[in-house]
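Chemist: Dropping the structure in here first, questions after.
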Amino acid sequence: MRNENIKKVLLLGSGALKIGEAGEFDYSGSQALKAMKEEGITTVLINPNIATVQTSDGFADKIYFLPVTPYFVEKVIRKEKPDGILLAFGGQTALNCGVELYRSGILEKYGVEVLGTPVQAIMDTEDRELFVKKLDEIEVKTIKSEAVNSIHDARVAAEALGYPVIVRAAYALGGLGSGFCDNEEELVALVEKALAFSPQVLVEKSLKGWKEVEYEVVRDRFRQLYHSLQHGKLRPAGHPHRRVDRCGTLADTFKRRLSLAAKACHQDHTPYRHRRRM
C-alpha cells in the first residue's frame, strides 16, 4: 500500500567505489529509483560518482553530483523540499549521513519522512554496543565482548577476554577495520586503523573454528517474514570470501533456531531490511 502523501523522494546514493559503498548498493539504489518511478513518485538523487548505474539517464528525475554529507544534503532538502528520504541504498556513507541528519533535527525541521529502514534501527545495528544490548533483550546469545573507543580500553578488554580476540569496527558494513588478533601488538595495529574512520570498535572473544551462517530476513508492512536461507552462505568464521556450502544443507533443528532468532529480532521494529551478522 502506497502512502499517497509521498510525492517526491530524496535518495542518498552509492557514492565512491569502495567496500560497503558501491556495488550492491548501486544496484539496490537503481532498483529503488525504478520502483519509485513506477509509482509515479518524483525522485531526487545525491551521488558524487558519475560512474554508477544510478546516475545514468532515465533513473532519477534530478541528480545532484554532490558529496553525501549532512551539509550538502540539507541544501538539497531545502531546495527540493522532498516528502521522504531513503537512507538504506547508499552504503555506509549514506547511513552515517542519515543518522546525523536525524540527530541534528534536520529531517524534522524540514518535515522529511524516513522511508524504509527507520533511523533507530540503523543506530541499533550499526552501533556494536547497542546491537549486543538489543540481542540480550530478546535473549539471543552472543559471544562475550566489550565495546571500546580507545586503544587503551581495547588493551584492557582484550586482556580480560583473553587472546585471541576479534576486533569489529562499528559503522562499517563491509567489515573494514575488523579482524583477528593473536596478541597485543596485532591488537594495537588493528584498533589504531579501525579508530581512524570509526568512533567505536567491539573487542570480542575469538570465533575461530566456528561456523558462520549468512542469514537474511525481510519483513513487510503486514509483519510477514521472508527468509532467504537458501541463498545464504555457510563458511568458516572470519573468512568472508570462502564459501563452504549453501545454508540449505543445514540441519532442520538449526534452521529452526535461526528462524526463531530472526522473528525475535523483527518483532518490535517497523518494517525494514538491514543486515548485520550476529
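Lettering and numbering for the C-alpha cells are positional, with chains as A, B, ... in the shown order, residues counted from 1 in each chain, and ligands counted from 1 in the shown order.
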What's the 12 Å shell around Phe131 in chain A, counting only C-alpha atoms, without same-chain residues fewer than 5 positions away, as a VMD selection string?

Modeler: chain A and resid 120 to 126 136 to 138 140 to 142 145 to 147 170 to 171 202 265 275 to 278

Chemist: Would you pick out the contacts of Leu190 in chain A at 10 Å or less, using only C-alpha atoms, so that residues sharing its chain but fewer than 3 positions from it are not included, and give the list as a list in words?

Modeler: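 In the requested format, the answer is Ile151, Ile166, Val167, Arg168, Ala169, Gly177, Ser178, Gly179, Phe180, Cys181, Glu184, Glu185, Glu186, Leu187, Lys193, Ala194 and Leu195 of chain A.
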
Chemist: Could you name the residues that touch Glu108 in chain A at 12 Å or less, counting only C-alpha atoms, but leaving out those on the same chain fewer than 3 positions away, as a list of chain:residue names?

Modeler: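 The neighbour list is A:Glu74, A:Ile77, A:Asp83, A:Gly84, A:Ile85, A:Leu101, A:Tyr102, A:Arg103, A:Ser104, A:Gly105, A:Gly111, A:Val112, A:Glu113, A:Val114.
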
Chemist: May I ask for the distance between CA of Ser150 in chain A and CA of Gly209 in chain A, given in Å to one decimal place?

Modeler: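 Taking CA of Ser150 in chain A and CA of Gly209 in chain A, their separation equals 28.1 Å.
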
Chemist: Using only C-alpha atoms, determine which residues lie at most 10 Å from Ala157 in chain A, disregarding the query and same-chain residues fewer than 2 positions distant; provide the list as a list in words.

Modeler: Ser145, Glu146, Ala147, Val148, Ile151, His152, Asp153, Ala154, Arg155, Glu159, Ala160, Leu161, Gly162, Val165, Leu202, Val203, Glu204 and Lys205 of chain A

Chemist: Mind the document's chain letters and residue numbers, and return as number ranges by chain the residues of range 42-127 of chain A that DSSP labels strand (DSSP E).

Modeler: A: 42-46, 62-64, 84-86, 113-115

Chemist: Generate a file of the selected residues that holds C-alpha atoms, formatted as a short mmCIF file (atom, residue, chain, number, x, y, z; two decimals), in the first residue's frame.

Modeler:
```cif
data_model
loop_
_atom_site.label_atom_id
_atom_site.label_comp_id
_atom_site.auth_asym_id
_atom_site.auth_seq_id
_atom_site.Cartn_x
_atom_site.Cartn_y
_atom_site.Cartn_z
CA THR A 42 9.36 12.15 -8.33
CA THR A 43 12.91 11.15 -7.40
CA VAL A 44 15.94 13.24 -6.47
CA LEU A 45 19.35 11.55 -6.23
CA ILE A 46 22.52 12.72 -4.48
CA LYS A 62 17.03 15.00 -10.88
CA ILE A 63 20.62 14.26 -9.90
CA TYR A 64 22.99 16.23 -7.69
CA GLY A 84 10.54 11.43 2.10
CA ILE A 85 14.14 10.23 2.13
CA LEU A 86 15.72 6.81 1.52
CA GLU A 113 9.86 11.32 6.47
CA VAL A 114 12.40 8.48 6.56
CA LEU A 115 11.15 5.68 4.30
#
```

Chemist: Which is closer to Val99 in chain A than all the others in A:Glu38, A:Asp127, A:Asp26, A:Glu139, using only C-alpha atoms?

Modeler: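 The closest residue to Val99 in chain A is A:Asp127.
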